[in-house]
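Trainee: File input.cif below, mmCIF, C-alpha atoms, pLDDT in the B column; chains and numbers go by the auth columns:
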```cif
data_upload
#
loop_
_atom_site.group_PDB
_atom_site.id
_atom_site.type_symbol
_atom_site.label_atom_id
_atom_site.label_comp_id
_atom_site.label_asym_id
_atom_site.label_seq_id
_atom_site.Cartn_x
_atom_site.Cartn_y
_atom_site.Cartn_z
_atom_site.B_iso_or_equiv
_atom_site.auth_seq_id
_atom_site.auth_asym_id
ATOM 1 C CA MET A 1 0.000 0.000 0.000 50.00 221 O
ATOM 2 C CA LYS A 2 2.838 2.366 0.875 50.00 222 O
ATOM 3 C CA THR A 3 4.389 1.702 -2.536 52.00 223 O
ATOM 4 C CA ILE A 4 1.109 2.599 -4.274 47.00 224 O
ATOM 5 C CA PHE A 5 0.799 5.878 -2.380 43.00 225 O
ATOM 6 C CA THR A 6 4.420 6.725 -3.164 44.00 226 O
ATOM 7 C CA PHE A 7 3.816 6.078 -6.864 43.00 227 O
ATOM 8 C CA LEU A 8 0.667 8.222 -6.877 41.00 228 O
ATOM 9 C CA PHE A 9 2.468 11.033 -5.080 45.00 229 O
ATOM 10 C CA LEU A 10 5.356 11.009 -7.553 45.00 230 O
ATOM 11 C CA SER A 11 2.944 10.928 -10.489 47.00 231 O
ATOM 12 C CA LEU A 12 1.073 13.920 -9.094 45.00 232 O
ATOM 13 C CA CYS A 13 4.328 15.836 -8.658 48.00 233 O
ATOM 14 C CA CYS A 14 5.375 15.074 -12.232 46.00 234 O
ATOM 15 C CA ASN A 15 2.017 16.261 -13.542 45.00 235 O
ATOM 16 C CA CYS A 16 2.308 19.488 -11.570 42.00 236 O
ATOM 17 C CA ILE A 17 5.786 20.127 -12.954 41.00 237 O
ATOM 18 C CA HIS A 18 4.537 19.453 -16.479 44.00 238 O
ATOM 19 C CA LEU A 19 1.631 21.865 -16.068 38.00 239 O
ATOM 20 C CA THR A 20 3.952 24.530 -14.692 45.00 240 O
ATOM 21 C CA ALA A 21 6.258 24.132 -17.680 47.00 241 O
ATOM 22 C CA GLN A 22 3.300 24.784 -20.003 78.00 242 O
ATOM 23 C CA THR A 23 2.502 28.180 -18.466 90.00 243 O
ATOM 24 C CA ASN A 24 2.126 31.020 -20.962 93.00 244 O
ATOM 25 C CA TYR A 25 3.893 33.958 -19.333 96.00 245 O
ATOM 26 C CA TYR A 26 3.023 36.381 -22.140 96.00 246 O
ATOM 27 C CA PRO A 27 -0.685 36.048 -23.069 94.00 247 O
ATOM 28 C CA GLU A 28 -1.224 39.803 -23.196 95.00 248 O
ATOM 29 C CA THR A 29 0.533 43.136 -22.895 97.00 249 O
ATOM 30 C CA LYS A 30 1.901 43.479 -19.373 97.00 250 O
ATOM 31 C CA THR A 31 4.821 44.726 -17.290 98.00 251 O
ATOM 32 C CA PHE A 32 7.086 42.434 -15.269 98.00 252 O
ATOM 33 C CA HIS A 33 8.479 44.066 -12.129 98.00 253 O
ATOM 34 C CA GLU A 34 11.328 41.740 -11.243 97.00 254 O
ATOM 35 C CA ASN A 35 14.178 41.849 -8.743 94.00 255 O
ATOM 36 C CA GLY A 36 16.258 44.829 -9.867 95.00 256 O
ATOM 37 C CA TYR A 37 14.822 45.203 -13.365 97.00 257 O
ATOM 38 C CA THR A 38 11.555 45.761 -15.220 98.00 258 O
ATOM 39 C CA TYR A 39 10.577 44.046 -18.455 98.00 259 O
ATOM 40 C CA GLN A 40 7.824 45.117 -20.814 98.00 260 O
ATOM 41 C CA CYS A 41 5.819 42.620 -22.860 98.00 261 O
ATOM 42 C CA ASP A 42 3.851 44.000 -25.821 98.00 262 O
ATOM 43 C CA VAL A 43 1.450 41.665 -27.641 96.00 263 O
ATOM 44 C CA ASN A 44 -0.096 42.925 -30.883 96.00 264 O
ATOM 45 C CA LYS A 45 -3.288 41.864 -32.675 94.00 265 O
ATOM 46 C CA ALA A 46 -1.351 39.258 -34.654 92.00 266 O
ATOM 47 C CA SER A 47 -0.283 37.601 -31.364 92.00 267 O
ATOM 48 C CA MET A 48 3.334 38.657 -31.846 95.00 268 O
ATOM 49 C CA VAL A 49 5.256 39.319 -28.645 97.00 269 O
ATOM 50 C CA SER A 50 7.939 41.962 -28.189 98.00 270 O
ATOM 51 C CA LEU A 51 9.768 41.508 -24.889 98.00 271 O
ATOM 52 C CA TYR A 52 12.379 43.989 -23.683 98.00 272 O
ATOM 53 C CA ASN A 53 13.901 45.864 -20.776 98.00 273 O
ATOM 54 C CA ALA A 54 11.649 48.819 -19.947 98.00 274 O
ATOM 55 C CA GLU A 55 14.748 51.003 -19.541 97.00 275 O
ATOM 56 C CA CYS A 56 15.572 50.970 -23.245 96.00 276 O
ATOM 57 C CA THR A 57 17.491 53.644 -25.142 97.00 277 O
ATOM 58 C CA TYR A 58 16.746 53.317 -28.857 98.00 278 O
ATOM 59 C CA TYR A 59 13.924 50.813 -29.229 97.00 279 O
ATOM 60 C CA LYS A 60 10.902 52.399 -30.943 96.00 280 O
ATOM 61 C CA THR A 61 12.970 55.377 -32.112 97.00 281 O
ATOM 62 C CA GLU A 62 13.705 56.068 -35.771 97.00 282 O
ATOM 63 C CA GLN A 63 17.144 55.233 -37.123 98.00 283 O
ATOM 64 C CA ILE A 64 18.693 58.456 -38.415 98.00 284 O
ATOM 65 C CA ASP A 65 21.713 59.276 -40.555 97.00 285 O
ATOM 66 C CA MET A 66 23.178 62.058 -38.424 97.00 286 O
ATOM 67 C CA THR A 67 25.000 63.621 -41.386 96.00 287 O
ATOM 68 C CA THR A 68 21.722 64.301 -43.192 96.00 288 O
ATOM 69 C CA GLY A 69 19.191 64.270 -40.371 97.00 289 O
ATOM 70 C CA LYS A 70 17.049 61.906 -42.444 97.00 290 O
ATOM 71 C CA ARG A 71 15.889 58.345 -41.914 97.00 291 O
ATOM 72 C CA TYR A 72 18.639 55.850 -42.668 97.00 292 O
ATOM 73 C CA GLU A 73 18.213 53.633 -45.719 94.00 293 O
ATOM 74 C CA PHE A 74 20.420 50.556 -45.902 94.00 294 O
ATOM 75 C CA THR A 75 22.632 50.367 -49.002 93.00 295 O
ATOM 76 C CA PRO A 76 23.768 46.884 -50.137 93.00 296 O
ATOM 77 C CA GLY A 77 27.529 46.559 -49.881 93.00 297 O
ATOM 78 C CA LYS A 78 27.776 49.282 -47.240 94.00 298 O
ATOM 79 C CA PRO A 79 26.977 47.577 -43.918 95.00 299 O
ATOM 80 C CA PRO A 80 26.940 49.640 -40.718 97.00 300 O
ATOM 81 C CA LEU A 81 29.042 47.037 -38.893 96.00 301 O
ATOM 82 C CA ALA A 82 32.463 45.699 -39.804 95.00 302 O
ATOM 83 C CA ARG A 83 32.541 42.010 -40.595 89.00 303 O
ATOM 84 C CA GLU A 84 34.021 40.020 -37.703 87.00 304 O
ATOM 85 C CA PRO A 85 34.624 36.301 -37.146 86.00 305 O
ATOM 86 C CA TYR A 86 33.747 36.170 -33.458 89.00 306 O
ATOM 87 C CA THR A 87 30.665 38.254 -32.611 93.00 307 O
ATOM 88 C CA LYS A 88 28.182 35.945 -34.346 91.00 308 O
ATOM 89 C CA PRO A 89 29.364 32.781 -32.547 92.00 309 O
ATOM 90 C CA GLN A 90 29.394 34.710 -29.253 94.00 310 O
ATOM 91 C CA CYS A 91 25.777 35.757 -29.674 95.00 311 O
ATOM 92 C CA PHE A 92 24.606 32.267 -30.590 94.00 312 O
ATOM 93 C CA ALA A 93 26.509 30.678 -27.700 94.00 313 O
ATOM 94 C CA ILE A 94 24.962 33.054 -25.151 96.00 314 O
ATOM 95 C CA VAL A 95 21.423 32.249 -26.304 96.00 315 O
ATOM 96 C CA ASN A 96 22.227 28.538 -26.380 95.00 316 O
ATOM 97 C CA LYS A 97 23.566 28.545 -22.824 96.00 317 O
ATOM 98 C CA ALA A 98 20.670 30.497 -21.303 97.00 318 O
ATOM 99 C CA PHE A 99 17.885 28.087 -22.223 97.00 319 O
ATOM 100 C CA PRO A 100 17.316 25.207 -19.769 94.00 320 O
ATOM 101 C CA PRO A 101 17.511 21.630 -21.151 94.00 321 O
ATOM 102 C CA GLU A 102 13.833 20.893 -20.498 93.00 322 O
ATOM 103 C CA ILE A 103 12.828 23.811 -22.733 93.00 323 O
ATOM 104 C CA LYS A 104 15.388 22.956 -25.420 94.00 324 O
ATOM 105 C CA ALA A 105 13.972 19.439 -25.612 93.00 325 O
ATOM 106 C CA ARG A 106 10.600 20.838 -26.742 92.00 326 O
ATOM 107 C CA ILE A 107 11.741 23.527 -29.195 92.00 327 O
ATOM 108 C CA ASN A 108 11.825 21.229 -32.253 89.00 328 O
ATOM 109 C CA GLY A 109 13.573 23.678 -34.559 90.00 329 O
ATOM 110 C CA ARG A 110 11.333 26.652 -33.818 93.00 330 O
ATOM 111 C CA GLU A 111 13.260 29.902 -33.758 94.00 331 O
ATOM 112 C CA LEU A 112 13.470 32.955 -31.557 96.00 332 O
ATOM 113 C CA THR A 113 14.178 36.394 -33.030 97.00 333 O
ATOM 114 C CA ILE A 114 16.720 38.532 -31.185 98.00 334 O
ATOM 115 C CA VAL A 115 17.008 42.209 -32.112 98.00 335 O
ATOM 116 C CA LEU A 116 19.939 44.402 -31.094 98.00 336 O
ATOM 117 C CA TYR A 117 20.222 48.181 -30.955 98.00 337 O
ATOM 118 C CA ILE A 118 23.908 49.072 -30.929 98.00 338 O
ATOM 119 C CA GLU A 119 25.741 52.252 -29.946 98.00 339 O
ATOM 120 C CA SER A 120 27.232 53.675 -33.145 98.00 340 O
ATOM 121 C CA ALA A 121 30.192 55.284 -31.369 97.00 341 O
ATOM 122 C CA THR A 122 31.319 52.323 -29.275 97.00 342 O
ATOM 123 C CA GLY A 123 29.764 49.148 -30.685 97.00 343 O
ATOM 124 C CA LYS A 124 28.223 48.363 -27.305 98.00 344 O
ATOM 125 C CA ILE A 125 24.757 46.822 -27.203 98.00 345 O
ATOM 126 C CA ALA A 126 22.227 49.315 -25.848 98.00 346 O
ATOM 127 C CA ASP A 127 18.930 47.438 -26.209 98.00 347 O
ATOM 128 C CA VAL A 128 17.911 43.812 -26.697 98.00 348 O
ATOM 129 C CA VAL A 129 14.412 42.907 -27.903 98.00 349 O
ATOM 130 C CA PHE A 130 12.995 39.386 -28.178 98.00 350 O
ATOM 131 C CA ASN A 131 10.265 38.620 -30.709 97.00 351 O
ATOM 132 C CA PHE A 132 8.130 35.475 -30.831 96.00 352 O
ATOM 133 C CA THR A 133 4.516 34.477 -31.340 92.00 353 O
ATOM 134 C CA THR A 134 1.916 33.225 -28.889 87.00 354 O
ATOM 135 C CA GLY A 135 0.539 30.999 -31.649 79.00 355 O
ATOM 136 C CA LYS A 136 1.376 27.328 -32.115 75.00 356 O
ATOM 137 C CA LEU A 137 4.161 28.142 -34.584 68.00 357 O
ATOM 138 C CA ALA A 138 6.528 29.082 -31.754 76.00 358 O
ATOM 139 C CA GLU A 139 4.488 29.081 -28.553 87.00 359 O
ATOM 140 C CA ILE A 140 7.313 27.314 -26.714 94.00 360 O
ATOM 141 C CA TYR A 141 8.923 30.728 -26.171 96.00 361 O
ATOM 142 C CA THR A 142 5.862 31.920 -24.240 96.00 362 O
ATOM 143 C CA GLN A 143 6.672 29.216 -21.683 95.00 363 O
ATOM 144 C CA VAL A 144 10.125 30.617 -20.936 96.00 364 O
ATOM 145 C CA PRO A 145 10.241 32.836 -17.820 96.00 365 O
ATOM 146 C CA VAL A 146 11.405 36.419 -18.184 98.00 366 O
ATOM 147 C CA SER A 147 14.531 35.636 -16.133 97.00 367 O
ATOM 148 C CA VAL A 148 15.938 33.602 -19.050 98.00 368 O
ATOM 149 C CA TYR A 149 15.519 36.495 -21.469 98.00 369 O
ATOM 150 C CA ARG A 150 17.032 38.836 -18.903 98.00 370 O
ATOM 151 C CA GLU A 151 20.078 36.564 -18.624 98.00 371 O
ATOM 152 C CA ILE A 152 20.565 36.708 -22.389 98.00 372 O
ATOM 153 C CA GLU A 153 20.294 40.498 -22.364 98.00 373 O
ATOM 154 C CA VAL A 154 22.847 40.866 -19.574 98.00 374 O
ATOM 155 C CA GLU A 155 25.335 38.433 -21.120 98.00 375 O
ATOM 156 C CA LEU A 156 25.086 39.989 -24.583 98.00 376 O
ATOM 157 C CA LYS A 157 25.689 43.473 -23.201 98.00 377 O
ATOM 158 C CA LYS A 158 28.555 42.257 -21.043 98.00 378 O
ATOM 159 C CA ASN A 159 30.421 40.052 -23.507 97.00 379 O
ATOM 160 C CA VAL A 160 29.690 41.183 -27.069 97.00 380 O
ATOM 161 C CA ARG A 161 31.163 44.286 -28.671 97.00 381 O
ATOM 162 C CA PHE A 162 30.711 45.147 -32.339 97.00 382 O
ATOM 163 C CA THR A 163 32.881 47.329 -34.575 97.00 383 O
ATOM 164 C CA PRO A 164 30.900 50.068 -36.342 97.00 384 O
ATOM 165 C CA SER A 165 31.949 50.794 -39.910 97.00 385 O
ATOM 166 C CA ALA A 166 32.376 54.303 -41.307 97.00 386 O
ATOM 167 C CA VAL A 167 28.730 54.125 -42.362 97.00 387 O
ATOM 168 C CA GLY A 168 27.588 52.921 -38.954 98.00 388 O
ATOM 169 C CA LYS A 169 29.363 55.724 -37.119 97.00 389 O
ATOM 170 C CA LYS A 170 27.142 58.224 -38.929 97.00 390 O
ATOM 171 C CA LEU A 171 23.967 56.736 -37.448 98.00 391 O
ATOM 172 C CA ASN A 172 22.275 57.469 -34.133 98.00 392 O
ATOM 173 C CA TYR A 173 22.263 53.701 -33.537 98.00 393 O
ATOM 174 C CA ILE A 174 22.889 50.474 -35.441 98.00 394 O
ATOM 175 C CA PHE A 175 20.186 47.862 -35.842 97.00 395 O
ATOM 176 C CA MET A 176 20.696 44.145 -36.362 96.00 396 O
ATOM 177 C CA PHE A 177 18.809 40.915 -35.738 96.00 397 O
ATOM 178 C CA TRP A 178 19.001 37.172 -36.149 95.00 398 O
ATOM 179 C CA THR A 179 16.783 34.125 -35.646 95.00 399 O
ATOM 180 C CA GLN A 180 17.964 31.121 -33.693 95.00 400 O
ATOM 181 C CA ASP A 181 16.962 27.728 -32.424 94.00 401 O
ATOM 182 C CA PRO A 182 18.630 27.766 -28.974 94.00 402 O
ATOM 183 C CA ASN A 183 19.675 24.141 -29.459 93.00 403 O
ATOM 184 C CA VAL A 184 22.382 25.234 -31.893 82.00 404 O
ATOM 185 C CA THR A 185 25.331 27.543 -31.464 78.00 405 O
ATOM 186 C CA ILE A 186 25.397 28.795 -35.040 72.00 406 O
ATOM 187 C CA LYS A 187 22.662 29.036 -37.638 45.00 407 O
ATOM 188 C CA SER A 188 23.105 27.907 -41.234 40.00 408 O
ATOM 189 C CA THR A 189 21.780 31.141 -42.780 41.00 409 O
ATOM 190 C CA PRO A 190 22.045 33.942 -40.209 45.00 410 O
ATOM 191 C CA LEU A 191 21.283 37.515 -41.143 47.00 411 O
ATOM 192 C CA THR A 192 24.009 40.119 -41.084 45.00 412 O
ATOM 193 C CA PRO A 193 23.305 43.755 -40.147 43.00 413 O
ATOM 194 C CA GLY A 194 20.793 45.177 -42.574 42.00 414 O
ATOM 195 C CA GLY A 195 19.126 41.836 -43.147 41.00 415 O
ATOM 196 C CA GLN A 196 21.561 40.418 -45.704 42.00 416 O
ATOM 197 C CA VAL A 197 22.223 36.695 -45.767 38.00 417 O
ATOM 198 C CA ASP A 198 25.787 35.960 -44.750 43.00 418 O
ATOM 199 C CA PRO A 199 27.397 34.206 -47.756 40.00 419 O
ATOM 200 C CA ASP A 200 29.722 32.234 -45.470 43.00 420 O
ATOM 201 C CA SER A 201 26.747 30.751 -43.650 39.00 421 O
ATOM 202 C CA THR A 202 26.045 28.350 -46.502 33.00 422 O
ATOM 203 C CA LYS A 203 29.349 26.611 -45.894 36.00 423 O
ATOM 204 C CA ASP A 204 29.527 23.582 -43.641 34.00 424 O
ATOM 205 C CA LYS A 205 30.474 24.472 -40.088 35.00 425 O
#
```
Please, can you express the file's structure as structure tokens?

Mentor:
Amino acid sequence: MKTIFTFLFLSLCCNCIHLTAQTNYYPETKTFHENGYTYQCDVNKASMVSLYNAECTYYKTEQIDMTTGKRYEFTPGKPPLAREPYTKPQCFAIVNKAFPPEIKARINGRELTIVLYIESATGKIADVVFNFTTGKLAEIYTQVPVSVYREIEVELKKNVRFTPSAVGKKLNYIFMFWTQDPNVTIKSTPLTPGGQVDPDSTKDK
């Protein structure tokens, strides 16, 4: 009898853990007041989530060419960041490390979008924004607590430094993004600043 009760108790605990793991933390627009930081979650009508530190610098501001005072238009062949061999692997490794194994096991190739707003004078990361959907296409990311995204933000800002090009130094900030399955450390076709496909990414890693 004791064995039966023990089995039932363990089964109940496992079910509770499973239900907790399925929690949608981002069903609607809301503010997370955490220990020492505040995160904002914006959910639009298309069920797309934008998650970011409320103390942001450039997010939601227009990207301007400071030499003309006009909105910046990307020109192919003139990227705002110098091409480097190490920043891309650093970024992917940080995202990979932050996600717990139990979440990684359920991702199944679905990707998270990470957006960076970079200081044009120093190459430091000013803002980090995470984009994902609450729909079934990538709902796994709604089940990740805000502390994981905060860890990624902190580690990116601490460990990654970009090199602005001559073009980038003329801007009020530099924008870049990539999509990633956190199970991998490098993506086969990552996007370079400006949204161009990196030609080296088609080579076997």

Trainee: Any chance you could work out the residue set of the PyMOL selection byres ((chain O and resi 294-306) around 6) here, as number ranges by chain?

Mentor: O: 293, 307-309, 383-385, 387-388

Trainee: Which residue is closest to Cys276 in chain O? Choose from O:Phe252, O:Tyr337, O:Phe352, O:Phe319 and count all atoms listed in the file.

Mentor: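 Among the listed residues, O:Tyr337 lies closest to Cys276 in chain O.
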
Trainee: Point out the residue among O:Gln400, O:Ser367, O:Thr354, O:Ser340 with the least atom-to-atom distance to Arg381 in chain O, counting all atoms listed in the file.

Mentor: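 Distance minimum relative to Arg381 in chain O lands on O:Ser340.
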
Trainee: Could you list, as a ChimeraX atom specification, every residue matched by the PyMOL selection byres ((chain O and resi 378) around 12) in this structure?

Mentor: /O:310-311,314,343-346,371-377,379-382

Trainee: Using all atoms listed in the file, which of the listed residues (O:Thr243, O:Thr258, O:Asn316, O:Thr342) sits closest to Asn403 in chain O?

Mentor: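 Of O:Thr243, O:Thr258, O:Asn316, O:Thr342, the one nearest Asn403 in chain O, counting all atoms listed in the file, is O:Asn316.
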
Trainee: Calculated over all atoms listed in the file, which of the candidates O:Asn264, O:Asn244, O:Asn255, O:Asn273 has the smallest distance to Ala358 in chain O?

Mentor: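 Ranking O:Asn264, O:Asn244, O:Asn255, O:Asn273 by distance to Ala358 in chain O, first place goes to O:Asn244.
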
Trainee: List as a PyMOL selection string the residues having at least one atom at most 8 Å from position (22.3, 29.3, -33.0) as given in the file, counting only C-alpha atoms.

Mentor: chain O and resi 309+312-313+315-316+399-407

Trainee: So, counting all atoms listed in the file, which residue among O:Gln283, O:Thr288, O:Gln242, O:Gln260 is closest to Tyr361 in chain O?

Mentor: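 Checking each candidate against Tyr361 in chain O, we get O:Gln242 as the closest.
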
Trainee: Given the file shown, determine the residues that the PyMOL selection byres ((chain O and resi 351) around 7) selects; report them as number ranges by chain.

Mentor: O: 269-271, 332-334, 349-350, 352

Trainee: Would you kindly identify which residues have an atom no farther than 8 Å from (16.1, 28.3, -16.7), using only C-alpha atoms and the file's own coordinates, and write them out as a list in words?

Mentor: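 Output of the proximity query reads Ala318, Phe319, Pro320, Val364, Pro365, Ser367 and Val368 of chain O.
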
Trainee: To one decimal place in Å, what is the distance between CA of Asp285 in chain O and CA of Asn392 in chain O?

Mentor: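 Rounded to one decimal, the two atoms are 6.7 Å apart.
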
Trainee: Could you tell me how far CA of Asp262 in chain O sits from CA of Lys250 in chain O, in Å to one decimal place?

Mentor: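 Those two atoms sit 6.8 Å apart.
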
Trainee: Need to verify the contact set: Ile360 in chain O, 8 Å, all atoms listed in the file, exclusion of same-chain residues closer than 5 positions in sequence. Can you return it as a PDB file with C-alpha atoms, keeping the file's coordinate frame?

Mentor:
```pdb
ATOM      1  CA  ILE O 323      12.828  23.811 -22.733  1.00 93.00           C
ATOM      2  CA  ARG O 326      10.600  20.838 -26.742  1.00 92.00           C
ATOM      3  CA  ILE O 327      11.741  23.527 -29.195  1.00 92.00           C
TER       4      ILE O 327
END
```

Trainee: Which of these, O:Tyr246, O:Tyr259, O:Tyr278, O:Tyr369, has the shortest distance to Leu336 in chain O once you count all atoms listed in the file?

Mentor: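 Closest candidate: O:Tyr278.
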
Trainee: Would you compute the distance between CA of Ala386 in chain O and CA of Thr287 in chain O? Give it in Å to one decimal.

Mentor: 11.9 Å
